[in-house]
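Participant: What follows is target.cif; its format and atoms are mmCIF, C-alpha atoms.
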```
data_input
loop_
_atom_site.label_atom_id
_atom_site.label_comp_id
_atom_site.auth_asym_id
_atom_site.auth_seq_id
_atom_site.Cartn_x
_atom_site.Cartn_y
_atom_site.Cartn_z
CA MET A 1 -19.78 -138.86 -72.73
CA SER A 2 -23.41 -137.82 -73.04
CA SER A 3 -25.67 -139.46 -75.61
CA GLU A 4 -26.35 -135.98 -77.02
CA SER A 5 -22.86 -136.03 -78.57
CA TRP A 6 -23.41 -139.38 -80.35
CA PRO A 7 -23.58 -139.44 -84.14
CA PRO A 8 -27.10 -139.91 -85.56
CA PRO A 9 -26.35 -143.40 -87.04
CA LEU A 10 -25.29 -144.59 -83.58
CA LYS A 11 -28.51 -143.30 -82.01
CA GLU A 12 -30.59 -145.07 -84.67
CA TRP A 13 -28.62 -148.30 -84.16
CA VAL A 14 -29.13 -148.18 -80.37
CA ALA A 15 -32.87 -147.59 -80.81
CA ARG A 16 -33.09 -150.53 -83.23
CA CYS A 17 -31.20 -152.82 -80.88
CA LEU A 18 -33.38 -151.89 -77.93
CA GLY A 19 -36.45 -152.68 -79.98
CA GLN A 20 -35.12 -156.17 -80.85
CA MET A 21 -34.43 -157.14 -77.23
CA THR A 22 -36.76 -159.47 -75.34
CA ASP A 23 -37.13 -160.19 -71.65
CA ALA A 24 -35.05 -163.36 -72.10
CA ASN A 25 -31.97 -161.70 -73.63
CA ARG A 26 -32.27 -158.08 -72.47
CA ALA A 27 -29.57 -158.20 -69.76
CA GLU A 28 -26.98 -159.91 -71.96
CA ALA A 29 -27.84 -157.78 -75.00
CA GLN A 30 -27.56 -154.52 -73.03
CA ALA A 31 -24.15 -155.59 -71.72
CA GLU A 32 -23.02 -156.34 -75.28
CA LEU A 33 -24.44 -152.97 -76.42
CA ARG A 34 -22.51 -151.06 -73.78
CA GLU A 35 -19.33 -152.97 -74.56
CA SER A 36 -19.59 -152.14 -78.28
CA ILE A 37 -20.08 -148.42 -77.61
CA ALA A 38 -17.29 -148.34 -75.01
CA ASN A 39 -14.86 -150.03 -77.40
CA ALA A 40 -15.73 -147.60 -80.18
CA PHE A 41 -15.29 -144.67 -77.81
CA ALA A 42 -11.91 -145.96 -76.61
CA GLU A 43 -10.76 -146.48 -80.22
CA LYS A 44 -12.22 -143.09 -81.24
CA THR A 45 -14.32 -144.67 -84.00
CA LEU A 46 -17.77 -143.47 -82.90
CA TRP A 47 -18.09 -141.29 -86.02
CA THR A 48 -16.37 -143.65 -88.49
CA THR A 49 -18.12 -146.95 -87.71
CA ASP A 50 -20.87 -148.12 -90.07
CA TRP A 51 -23.43 -148.71 -87.35
CA ALA A 52 -26.10 -149.74 -89.81
CA GLY A 53 -24.13 -152.92 -90.53
CA VAL A 54 -23.37 -153.81 -86.90
CA GLN A 55 -25.46 -156.65 -85.47
CA LEU A 56 -25.49 -157.69 -81.83
CA LYS A 57 -25.04 -161.43 -81.29
CA ARG A 58 -27.59 -161.51 -78.50
CA CYS A 59 -30.26 -159.85 -80.63
CA GLY A 60 -30.11 -162.39 -83.48
CA LEU A 61 -33.18 -164.69 -83.55
CA SER A 62 -32.99 -168.32 -84.51
CA SER A 63 -35.79 -170.04 -86.42
CA SER A 64 -36.98 -171.83 -83.29
CA GLN A 65 -37.05 -168.58 -81.35
CA ALA A 66 -38.93 -166.88 -84.16
CA ASP A 67 -41.57 -169.63 -84.03
CA LEU A 68 -42.07 -168.98 -80.33
CA MET A 69 -42.72 -165.26 -80.81
CA PRO A 70 -46.40 -164.30 -80.44
CA LYS A 71 -48.17 -163.79 -83.73
CA ALA A 72 -51.20 -161.75 -84.64
CA PRO A 73 -54.41 -163.77 -84.87
CA PRO A 74 -55.41 -164.66 -88.44
CA VAL A 75 -58.10 -162.70 -90.19
CA LEU A 76 -61.03 -164.92 -91.11
CA ASN A 77 -62.92 -164.41 -94.32
CA THR A 78 -66.58 -164.46 -93.51
CA LEU A 79 -69.54 -164.04 -95.76
CA LYS A 80 -71.48 -160.87 -95.47
CA ARG A 81 -74.68 -161.50 -93.65
CA LYS A 82 -77.93 -160.09 -94.69
CA MET A 83 -79.06 -156.85 -93.12
CA ASN A 84 -82.05 -158.55 -91.41
CA ASP A 85 -79.92 -161.34 -89.86
CA THR A 86 -78.51 -159.11 -87.11
CA PRO A 87 -79.87 -155.94 -85.58
CA PRO A 88 -78.11 -152.69 -86.58
CA MET A 89 -75.25 -151.62 -84.23
CA SER A 90 -75.16 -148.19 -82.69
CA LYS A 91 -72.18 -145.83 -83.22
CA LYS A 92 -70.99 -146.36 -79.62
CA ALA A 93 -71.09 -150.15 -80.02
CA LYS A 94 -69.13 -149.98 -83.29
CA LYS A 95 -66.42 -147.89 -81.57
CA ALA A 96 -66.15 -150.38 -78.69
CA ALA A 97 -65.87 -153.31 -81.13
CA ALA A 98 -63.12 -151.58 -83.11
CA GLN A 99 -61.19 -150.93 -79.86
CA LYS A 100 -61.43 -154.63 -78.97
CA ARG A 101 -60.07 -155.62 -82.38
CA ASN A 102 -57.14 -153.21 -82.00
CA ASP A 103 -56.35 -154.62 -78.55
CA ALA A 104 -56.48 -158.15 -79.92
CA ASN A 105 -54.08 -157.27 -82.74
CA LEU A 106 -51.60 -155.53 -80.37
CA ASP A 107 -48.16 -157.03 -80.78
CA PHE A 108 -46.57 -158.19 -77.55
CA GLY A 109 -43.24 -156.77 -78.77
CA ASP A 110 -44.83 -153.30 -78.99
CA GLN A 111 -46.13 -153.68 -75.46
CA ALA A 112 -42.63 -154.52 -74.21
CA ALA A 113 -41.24 -151.43 -75.95
CA LEU A 114 -43.89 -149.29 -74.25
CA ASN A 115 -42.93 -150.78 -70.89
CA ARG A 116 -39.25 -150.01 -71.49
CA ARG A 117 -40.13 -146.46 -72.49
CA ALA A 118 -42.16 -145.99 -69.30
CA GLU A 119 -39.26 -147.31 -67.22
CA ARG A 120 -36.89 -144.89 -68.94
CA PHE A 121 -39.11 -141.91 -68.20
CA GLN A 122 -39.44 -143.02 -64.59
CA ARG A 123 -35.67 -143.27 -64.28
CA GLU A 124 -35.21 -139.77 -65.72
CA HIS A 125 -37.80 -138.47 -63.26
CA ASP A 126 -35.87 -140.02 -60.37
CA ILE A 127 -32.64 -138.44 -61.64
CA GLU A 128 -34.17 -134.96 -61.69
CA ARG A 129 -35.73 -135.46 -58.28
CA GLN A 130 -32.43 -136.42 -56.67
CA LYS A 131 -30.13 -133.93 -58.43
CA SER A 132 -30.30 -131.65 -55.40
CA MET A 133 -28.57 -134.38 -53.39
CA ARG A 134 -25.62 -134.59 -55.77
CA GLY A 135 -23.49 -132.12 -53.80
CA GLN A 136 -23.91 -134.07 -50.56
CA ALA A 137 -23.20 -137.38 -52.26
CA SER A 138 -19.96 -135.97 -53.65
CA LEU A 139 -18.64 -135.15 -50.16
CA GLN A 140 -18.62 -138.66 -48.72
CA ALA A 141 -15.07 -138.52 -47.41
CA ASN A 142 -12.75 -135.96 -45.83
CA ASN A 143 -9.52 -137.97 -45.62
CA GLN A 144 -6.69 -138.55 -48.03
CA ASN A 145 -8.03 -141.82 -49.39
CA ALA A 146 -11.54 -140.57 -50.19
CA HIS A 147 -11.39 -137.06 -51.64
CA LEU A 148 -12.85 -137.58 -55.11
CA PHE A 149 -16.47 -137.45 -56.18
CA ASN A 150 -17.93 -140.90 -55.42
CA ARG A 151 -14.63 -142.48 -56.38
CA ILE A 152 -14.84 -145.34 -53.86
CA SER A 153 -18.43 -146.24 -54.66
CA ARG A 154 -17.83 -146.38 -58.43
CA SER A 155 -14.24 -147.53 -58.85
CA ASP A 156 -15.19 -151.23 -58.75
CA SER A 157 -17.66 -150.97 -61.61
CA PRO A 158 -16.73 -153.44 -64.39
CA SER A 159 -18.03 -151.20 -67.14
CA ALA A 160 -17.51 -147.63 -68.22
CA PHE A 161 -21.27 -147.14 -67.99
CA GLY A 162 -23.36 -146.79 -64.84
CA THR A 163 -25.17 -150.14 -64.43
CA ASN A 164 -26.31 -150.03 -60.82
CA PRO A 165 -30.13 -149.87 -60.91
CA ASP A 166 -30.19 -148.43 -57.38
CA ASP A 167 -28.09 -145.43 -58.46
CA PRO A 168 -30.45 -142.57 -59.47
CA GLU A 169 -27.83 -141.32 -61.95
CA ALA A 170 -27.09 -144.72 -63.50
CA ASP A 171 -27.89 -143.97 -67.13
CA PRO A 172 -26.64 -146.69 -69.51
CA ASN A 173 -26.10 -144.03 -72.17
CA VAL A 174 -23.69 -141.90 -70.06
CA LEU A 175 -20.04 -142.72 -69.45
CA ASP A 176 -18.88 -143.00 -65.84
CA TRP A 177 -16.10 -140.41 -65.92
CA ASP A 178 -15.15 -141.15 -62.30
CA LYS A 179 -13.53 -144.35 -63.55
CA TYR A 180 -11.16 -142.28 -65.71
CA THR A 181 -10.27 -139.68 -63.05
CA ILE A 182 -6.52 -139.06 -63.01
CA VAL A 183 -4.51 -139.74 -59.85
CA GLY A 184 -1.12 -138.02 -60.04
CA THR A 185 2.24 -139.66 -59.35
CA ASN A 186 4.57 -136.63 -59.40
CA GLN A 187 6.39 -136.17 -56.08
CA GLU A 188 7.81 -132.66 -56.63
CA LEU A 189 6.65 -130.07 -54.11
CA PHE A 190 6.98 -127.10 -56.46
CA LYS A 191 5.99 -127.08 -60.11
CA ASP A 192 5.57 -124.18 -62.53
CA TYR A 193 2.12 -123.48 -63.89
CA LEU A 194 1.61 -124.37 -67.55
CA ARG A 195 -1.68 -124.05 -69.38
CA LEU A 196 -2.91 -127.48 -70.47
CA THR A 197 -3.02 -127.94 -74.25
CA SER A 198 -3.50 -131.73 -74.23
CA GLU A 199 -4.74 -134.52 -72.01
CA PRO A 200 -3.01 -134.37 -68.59
CA LYS A 201 -0.63 -137.21 -67.70
CA PRO A 202 -0.37 -138.75 -64.21
CA GLU A 203 3.42 -138.34 -64.13
CA THR A 204 3.03 -134.55 -64.39
CA ILE A 205 0.31 -134.28 -61.71
CA ARG A 206 0.99 -134.27 -57.97
CA PRO A 207 -1.20 -136.54 -55.78
CA TYR A 208 -3.32 -135.31 -52.92
CA SER A 209 -0.74 -136.01 -50.19
CA VAL A 210 1.98 -134.07 -52.04
CA LEU A 211 -0.39 -131.15 -52.63
CA GLN A 212 -0.99 -130.89 -48.89
CA GLN A 213 2.74 -130.66 -48.27
CA THR A 214 3.04 -128.08 -51.05
CA LEU A 215 0.49 -125.80 -49.38
CA VAL A 216 2.37 -125.94 -46.07
CA GLU A 217 5.64 -124.98 -47.79
CA LEU A 218 4.01 -122.17 -49.76
CA LYS A 219 2.64 -120.60 -46.58
CA LYS A 220 6.13 -120.71 -45.08
CA ARG A 221 7.62 -119.08 -48.18
CA TRP A 222 4.97 -116.33 -48.08
CA LYS A 223 5.91 -115.50 -44.50
CA ASP A 224 9.53 -115.26 -45.65
CA LYS A 225 8.48 -112.47 -48.09
CA VAL A 226 9.18 -114.27 -51.36
CA SER A 227 8.09 -112.78 -54.68
CA TYR A 228 4.32 -112.72 -55.21
CA ASN A 229 4.76 -113.64 -58.88
CA TRP A 230 6.44 -116.91 -57.86
CA ILE A 231 3.85 -117.63 -55.15
CA CYS A 232 0.99 -116.93 -57.59
CA ASN A 233 2.54 -119.24 -60.19
CA GLN A 234 2.81 -122.04 -57.63
CA PHE A 235 -0.75 -121.56 -56.40
CA LYS A 236 -2.11 -121.67 -59.95
CA SER A 237 -0.22 -124.92 -60.50
CA LEU A 238 -1.63 -126.27 -57.23
CA ARG A 239 -5.17 -125.30 -58.23
CA GLN A 240 -4.68 -126.95 -61.64
CA ASP A 241 -3.61 -130.26 -60.06
CA LEU A 242 -6.69 -130.16 -57.84
CA THR A 243 -8.94 -129.49 -60.82
CA VAL A 244 -7.67 -132.25 -63.13
CA GLN A 245 -7.97 -134.78 -60.28
CA ARG A 246 -11.47 -133.51 -59.45
CA ILE A 247 -10.61 -132.92 -55.81
CA LYS A 248 -13.29 -130.79 -54.14
CA ASN A 249 -13.15 -130.83 -50.35
CA GLU A 250 -12.14 -128.64 -47.41
CA PHE A 251 -8.52 -128.64 -48.57
CA THR A 252 -9.59 -127.25 -51.96
CA VAL A 253 -11.53 -124.46 -50.25
CA GLN A 254 -8.51 -123.68 -48.08
CA VAL A 255 -6.24 -123.37 -51.12
CA TYR A 256 -8.55 -120.93 -52.89
CA GLU A 257 -9.14 -118.88 -49.73
CA ILE A 258 -5.42 -118.47 -49.04
CA HIS A 259 -4.68 -117.55 -52.66
CA ALA A 260 -7.52 -115.01 -52.66
CA ARG A 261 -6.14 -113.29 -49.54
CA MET A 262 -2.64 -113.17 -51.04
CA ALA A 263 -4.05 -111.70 -54.24
CA LEU A 264 -5.89 -109.00 -52.26
CA GLU A 265 -2.77 -108.11 -50.35
CA SER A 266 -0.82 -107.86 -53.63
CA SER A 267 -3.55 -105.90 -55.50
CA ASP A 268 -4.04 -108.74 -58.00
CA MET A 269 -7.75 -108.46 -58.73
CA VAL A 270 -7.62 -110.90 -61.67
CA GLU A 271 -6.60 -113.84 -59.50
CA TYR A 272 -8.82 -112.70 -56.64
CA ASN A 273 -11.94 -112.68 -58.80
CA GLN A 274 -11.12 -116.13 -60.18
CA CYS A 275 -10.70 -117.49 -56.64
CA GLN A 276 -13.89 -115.76 -55.48
CA ALA A 277 -15.93 -117.27 -58.32
CA THR A 278 -14.63 -120.79 -57.61
CA LEU A 279 -15.19 -120.40 -53.87
CA LYS A 280 -18.83 -119.48 -54.47
CA ASN A 281 -19.35 -122.76 -56.33
CA LEU A 282 -17.57 -124.75 -53.63
CA TYR A 283 -19.62 -123.13 -50.88
CA ASP A 284 -22.81 -123.90 -52.83
CA LEU A 285 -21.81 -127.59 -52.75
CA GLY A 286 -21.91 -127.42 -48.95
CA ILE A 287 -18.14 -127.61 -48.38
CA PRO A 288 -17.27 -125.76 -45.16
CA GLY A 289 -14.90 -122.80 -45.14
CA LYS A 290 -14.71 -119.10 -44.33
CA HIS A 291 -18.05 -118.51 -46.02
CA GLU A 292 -19.05 -115.40 -44.05
CA GLU A 293 -15.67 -113.72 -44.58
CA PHE A 294 -15.86 -114.07 -48.36
CA THR A 295 -19.54 -113.16 -48.35
CA ALA A 296 -18.51 -109.77 -46.92
CA TYR A 297 -15.80 -109.46 -49.57
CA ARG A 298 -18.34 -110.16 -52.30
CA ILE A 299 -20.66 -107.43 -51.00
CA LEU A 300 -17.78 -104.94 -51.01
CA MET A 301 -16.80 -106.00 -54.54
CA LEU A 302 -20.35 -105.41 -55.75
CA LEU A 303 -20.22 -101.97 -54.13
CA HIS A 304 -17.00 -101.32 -56.01
CA GLY A 305 -18.64 -102.32 -59.28
CA ARG A 306 -21.81 -100.33 -58.45
CA ASN A 307 -23.89 -103.28 -59.55
CA LYS A 308 -27.00 -102.37 -57.57
CA SER A 309 -29.35 -104.97 -59.03
CA GLU A 310 -27.02 -107.90 -58.41
CA LEU A 311 -26.12 -106.52 -54.98
CA ASN A 312 -29.77 -106.35 -53.94
CA LEU A 313 -30.37 -109.90 -55.17
CA TYR A 314 -27.30 -111.19 -53.35
CA VAL A 315 -28.14 -109.45 -50.08
CA GLY A 316 -31.65 -110.91 -50.31
CA THR A 317 -30.21 -114.45 -50.31
CA LEU A 318 -28.21 -113.99 -47.08
CA THR A 319 -29.18 -116.29 -44.23
CA PRO A 320 -29.77 -115.06 -40.65
CA ARG A 321 -26.51 -116.73 -39.63
CA GLN A 322 -24.59 -114.79 -42.28
CA LYS A 323 -26.22 -111.50 -41.28
CA ARG A 324 -25.10 -112.04 -37.67
CA ASP A 325 -21.44 -112.30 -38.70
CA PRO A 326 -19.45 -109.12 -37.84
CA ALA A 327 -17.75 -108.97 -41.26
CA VAL A 328 -21.07 -109.26 -43.12
CA GLN A 329 -22.66 -106.67 -40.83
CA HIS A 330 -19.79 -104.29 -41.56
CA ALA A 331 -20.22 -104.76 -45.33
CA LEU A 332 -23.97 -104.13 -45.06
CA GLN A 333 -23.31 -100.97 -43.03
CA VAL A 334 -20.91 -99.78 -45.74
CA GLN A 335 -23.65 -100.39 -48.31
CA ARG A 336 -26.11 -98.37 -46.21
CA ALA A 337 -23.66 -95.49 -45.71
CA ILE A 338 -22.93 -95.24 -49.44
CA SER A 339 -26.60 -95.41 -50.45
CA MET A 340 -27.50 -92.66 -47.93
CA GLY A 341 -24.46 -90.49 -48.65
CA ASN A 342 -23.29 -90.70 -45.02
CA TYR A 343 -19.62 -90.17 -45.73
CA HIS A 344 -18.77 -89.52 -42.07
CA ALA A 345 -19.89 -93.05 -41.09
CA LEU A 346 -18.34 -94.52 -44.24
CA PHE A 347 -14.82 -93.36 -43.46
CA GLU A 348 -15.10 -94.48 -39.85
CA MET A 349 -15.94 -97.99 -41.10
CA TYR A 350 -13.05 -97.75 -43.56
CA PHE A 351 -10.59 -97.54 -40.66
CA ASN A 352 -12.38 -100.32 -38.73
CA ALA A 353 -12.86 -102.85 -41.56
CA PRO A 354 -12.51 -106.46 -40.32
CA ASN A 355 -10.33 -109.11 -41.99
CA MET A 356 -9.11 -107.77 -45.35
CA GLY A 357 -12.14 -105.66 -46.22
CA ALA A 358 -10.06 -102.47 -46.31
CA TYR A 359 -8.05 -103.85 -49.25
CA ILE A 360 -11.24 -104.00 -51.32
CA MET A 361 -12.48 -100.63 -50.04
CA ASP A 362 -9.21 -99.09 -51.27
CA TYR A 363 -10.49 -99.58 -54.82
CA PHE A 364 -13.53 -97.34 -54.40
CA ILE A 365 -12.61 -95.10 -51.45
CA ASP A 366 -11.24 -92.27 -53.68
CA ARG A 367 -14.49 -92.31 -55.64
CA GLU A 368 -16.49 -91.91 -52.44
CA ARG A 369 -14.10 -89.21 -51.23
CA THR A 370 -14.77 -87.28 -54.42
CA ARG A 371 -18.53 -87.63 -53.93
CA ALA A 372 -18.23 -86.49 -50.31
CA LEU A 373 -16.06 -83.51 -51.24
CA MET A 374 -18.59 -82.52 -53.93
CA THR A 375 -21.27 -82.44 -51.22
CA MET A 376 -19.06 -80.47 -48.85
CA THR A 377 -18.16 -77.82 -51.46
CA LYS A 378 -21.87 -77.25 -52.07
CA ALA A 379 -22.56 -76.79 -48.37
CA TYR A 380 -19.58 -74.60 -47.38
CA ARG A 381 -17.89 -71.51 -48.78
CA THR A 382 -14.46 -72.49 -47.43
CA ILE A 383 -13.06 -75.69 -45.88
CA THR A 384 -9.77 -76.13 -44.06
CA VAL A 385 -7.40 -78.86 -45.17
CA CYS A 386 -7.33 -80.34 -41.67
CA PHE A 387 -11.13 -80.67 -41.69
CA ILE A 388 -11.00 -82.49 -45.04
CA GLN A 389 -8.28 -84.78 -43.71
CA ASN A 390 -10.33 -85.80 -40.67
CA GLU A 391 -13.65 -86.18 -42.48
CA LEU A 392 -12.41 -88.08 -45.54
CA GLY A 393 -10.04 -90.40 -43.71
CA PHE A 394 -6.65 -89.27 -45.00
CA GLU A 395 -3.60 -90.38 -43.03
CA SER A 396 -1.71 -87.09 -43.38
CA VAL A 397 -1.99 -83.51 -44.63
CA SER A 398 0.32 -84.30 -47.55
CA ASP A 399 -2.01 -87.08 -48.70
CA THR A 400 -4.91 -84.64 -48.51
CA LEU A 401 -3.14 -82.02 -50.63
CA LYS A 402 -2.10 -84.66 -53.14
CA PHE A 403 -5.73 -85.78 -53.50
CA LEU A 404 -6.90 -82.18 -53.98
CA GLY A 405 -4.25 -81.63 -56.65
CA THR A 406 -5.04 -84.80 -58.65
CA HIS A 407 -8.76 -84.00 -58.52
CA GLY A 408 -8.49 -80.40 -59.73
CA SER A 409 -9.70 -78.82 -56.49
CA ALA A 410 -6.49 -77.21 -55.17
CA PHE A 411 -8.00 -73.71 -54.95
CA PHE A 412 -6.85 -72.04 -51.73
CA VAL A 413 -7.83 -68.79 -50.12
CA ASN A 414 -4.35 -68.55 -48.58
CA PRO A 415 -1.98 -70.43 -50.91
CA ASN A 416 1.16 -69.15 -49.15
CA ALA A 417 0.18 -70.44 -45.70
CA LEU A 418 1.49 -73.65 -44.15
CA ASP A 419 0.01 -76.84 -45.53
CA ARG A 420 -2.06 -77.61 -42.44
CA ASP A 421 -3.38 -74.03 -42.30
CA LYS A 422 -4.52 -73.81 -45.93
CA THR A 423 -8.21 -73.26 -46.72
CA VAL A 424 -10.00 -74.51 -49.84
CA GLU A 425 -12.18 -72.04 -51.76
CA CYS A 426 -15.30 -74.14 -52.47
CA LYS A 427 -16.92 -72.08 -55.24
CA SER A 428 -13.95 -72.63 -57.57
CA ALA A 429 -13.37 -76.25 -56.55
CA ALA A 430 -16.96 -77.53 -56.98
CA PRO A 431 -17.20 -77.50 -60.83
CA GLN A 432 -13.75 -79.04 -61.21
CA LEU A 433 -14.65 -81.86 -58.83
CA ALA A 434 -17.82 -82.60 -60.81
CA GLN A 435 -15.86 -82.75 -64.07
CA VAL A 436 -13.17 -85.03 -62.61
CA TYR A 437 -15.82 -87.33 -61.15
CA GLU A 438 -17.47 -87.76 -64.55
CA GLU A 439 -14.15 -88.49 -66.23
CA LYS A 440 -12.60 -90.85 -63.67
CA TYR A 441 -15.41 -92.60 -61.83
CA ARG A 442 -18.49 -92.70 -64.01
CA LYS A 443 -17.35 -96.03 -65.48
CA VAL A 444 -15.89 -98.81 -63.37
CA GLY A 445 -13.32 -101.22 -64.81
CA ILE A 446 -12.90 -104.44 -62.82
CA LYS A 447 -10.09 -106.68 -64.01
CA GLY A 448 -10.89 -110.35 -64.03
CA ALA A 449 -14.53 -109.78 -63.06
CA ILE A 450 -16.67 -112.88 -63.34
#
```
Spit out the file's structure as structure tokens when you get a sec.

Facilitator:
Amino acid sequence: MSSESWPPPLKEWVARCLGQMTDANRAEAQAELRESIANAFAEKTLWTTDWAGVQLKRCGLSSSQADLMPKAPPVLNTLKRKMNDTPPMSKKAKKAAAQKRNDANLDFGDQAALNRRAERFQREHDIERQKSMRGQASLQANNQNAHLFNRISRSDSPSAFGTNPDDPEADPNVLDWDKYTIVGTNQELFKDYLRLTSEPKPETIRPYSVLQQTLVELKKRWKDKVSYNWICNQFKSLRQDLTVQRIKNEFTVQVYEIHARMALESSDMVEYNQCQATLKNLYDLGIPGKHEEFTAYRILMLLHGRNKSELNLYVGTLTPRQKRDPAVQHALQVQRAISMGNYHALFEMYFNAPNMGAYIMDYFIDRERTRALMTMTKAYRTITVCFIQNELGFESVSDTLKFLGTHGSAFFVNPNALDRDKTVECKSAAPQLAQVYEEKYRKVGIKGAI
């Protein structure tokens, strides 16, 4: 729980308590302060407690302690001397004397508060400086017993608040949520996905070891050609159990990668885009996986969405290692062919797409076929169906004729000839192609886009 979500009376009470602490009782008083806030948080009374009436035991001063506190020096009443007794003081000397009096009257308690404030700012500076190392610190273990973010290093903490002064993120005002991370106890391999509407319970969550067995069984079921709807439901449940237990490691990446490939194969772009977005965050944390493969998929998806600005920014962030990968090189060549209108090279790369790139290209290949055919009808008077089939990458003559019919360009010079011998009359087909392109492909709808 961040201190930004505290009620204003609680913030004022904490500030007052910190101001009453001394070097002698600071450690014990801070411990009592944290305990009071933790108890109120656990009892859900942060907003109902009358914090103005709460008094820490360690901050109460006895009469003997009050006598030992430093006091301001007394002000002496002196008679005004005559003007000729002392020489007149210059303006600079008067300013220096006033500064000395202010320093002499400085309360030691105020000085301690200033020191605490300086320490707090220094701690915040250290936190910001070391935030970039948070991803590496969260990947300390790769085995079954150490898969949570800093779980081992923080599980022995006696308080809900970070109290280790060596920890750059140890802010006494922030709850240590790692202490409350759920570890599941459910031993069922398969479990239906249900959207969480309340706090998850350990008895309904599968632990890490069971989740590993579940993934193995799901891969076997997929090879046996089970229903995709059932497989997708099980993978969403698996991803949910990983999320609520805050498991982010190589196994998590593997789960999302496998589900993304299954979604591509089943034309489920909603689940694919969700997996792709999560994989990007996991890769940014430094967790290894098939980073180059999904980098190529992301480039092809941006080509599908015709998001040129984001595509240029993303391509500019690619590392030399990523650019050397064959899948990434193929995606960049597809981008170049589309931008230059080289449809001949584009459809050759369509047939030679590595991994599962062709599944993504299927979503925009008809759009590019229409653009290519618009160019061809402007350059030729007539075009044979066989030529269109070879140039635009159709698998058969029937597929070519079906495309021409659905795109309003089935104008033939010899309509009674055999299908493979028919010739398209370009002058009549060109305006219809332009109209269909505006209606079908000017706007791109991407389901589940992030």

Participant: Find the spatial neighbours of Gln55 in chain A, counting all atoms listed in the file, within a cut-off of 12 Å - ignore same-chain residues fewer than 6 positions away - and output them as number ranges by chain.

Facilitator: A: 13-14, 16-18, 20, 29, 32-33, 36, 61

Participant: Kindly export the residues of the current selection with C-alpha atoms, as a JSON list (two decimals), keeping the file's coordinate frame.

Facilitator:
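This is the output file part.json:
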```
[["chain", "number", "residue", "atom", "x", "y", "z"],
["A", 13, "TRP", "CA", -28.62, -148.30, -84.16],
["A", 14, "VAL", "CA", -29.13, -148.18, -80.37],
["A", 16, "ARG", "CA", -33.09, -150.53, -83.23],
["A", 17, "CYS", "CA", -31.20, -152.82, -80.88],
["A", 18, "LEU", "CA", -33.38, -151.89, -77.93],
["A", 20, "GLN", "CA", -35.12, -156.17, -80.85],
["A", 29, "ALA", "CA", -27.84, -157.78, -75.00],
["A", 32, "GLU", "CA", -23.02, -156.34, -75.28],
["A", 33, "LEU", "CA", -24.44, -152.97, -76.42],
["A", 36, "SER", "CA", -19.59, -152.14, -78.28],
["A", 61, "LEU", "CA", -33.18, -164.69, -83.55]]
```

Participant: Would you please work out which residue, of A:Glu257, A:Asp23, A:Asp325, A:Asp366, is nearest to Val436 in chain A when using all atoms listed in the file?

Facilitator: A:Asp366

Participant: Can you measure CA of Leu282 in chain A to CA of Thr252 in chain A for me? One decimal in Å is fine.

Facilitator: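 Computing it gives 8.5 Å between the two atoms.
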
Participant: Report, in Å with one decimal, the straight-line distance from CA of Thr382 in chain A to CA of Asp419 in chain A.

Facilitator: 15.2 Å

Participant: Residue by residue, what does the PyMOL selection byres ((chain A and resi 297-301) around 7) grab here? Present the result as number ranges by chain.

Facilitator: A: 293-296, 302-305, 311, 331, 357, 360-361
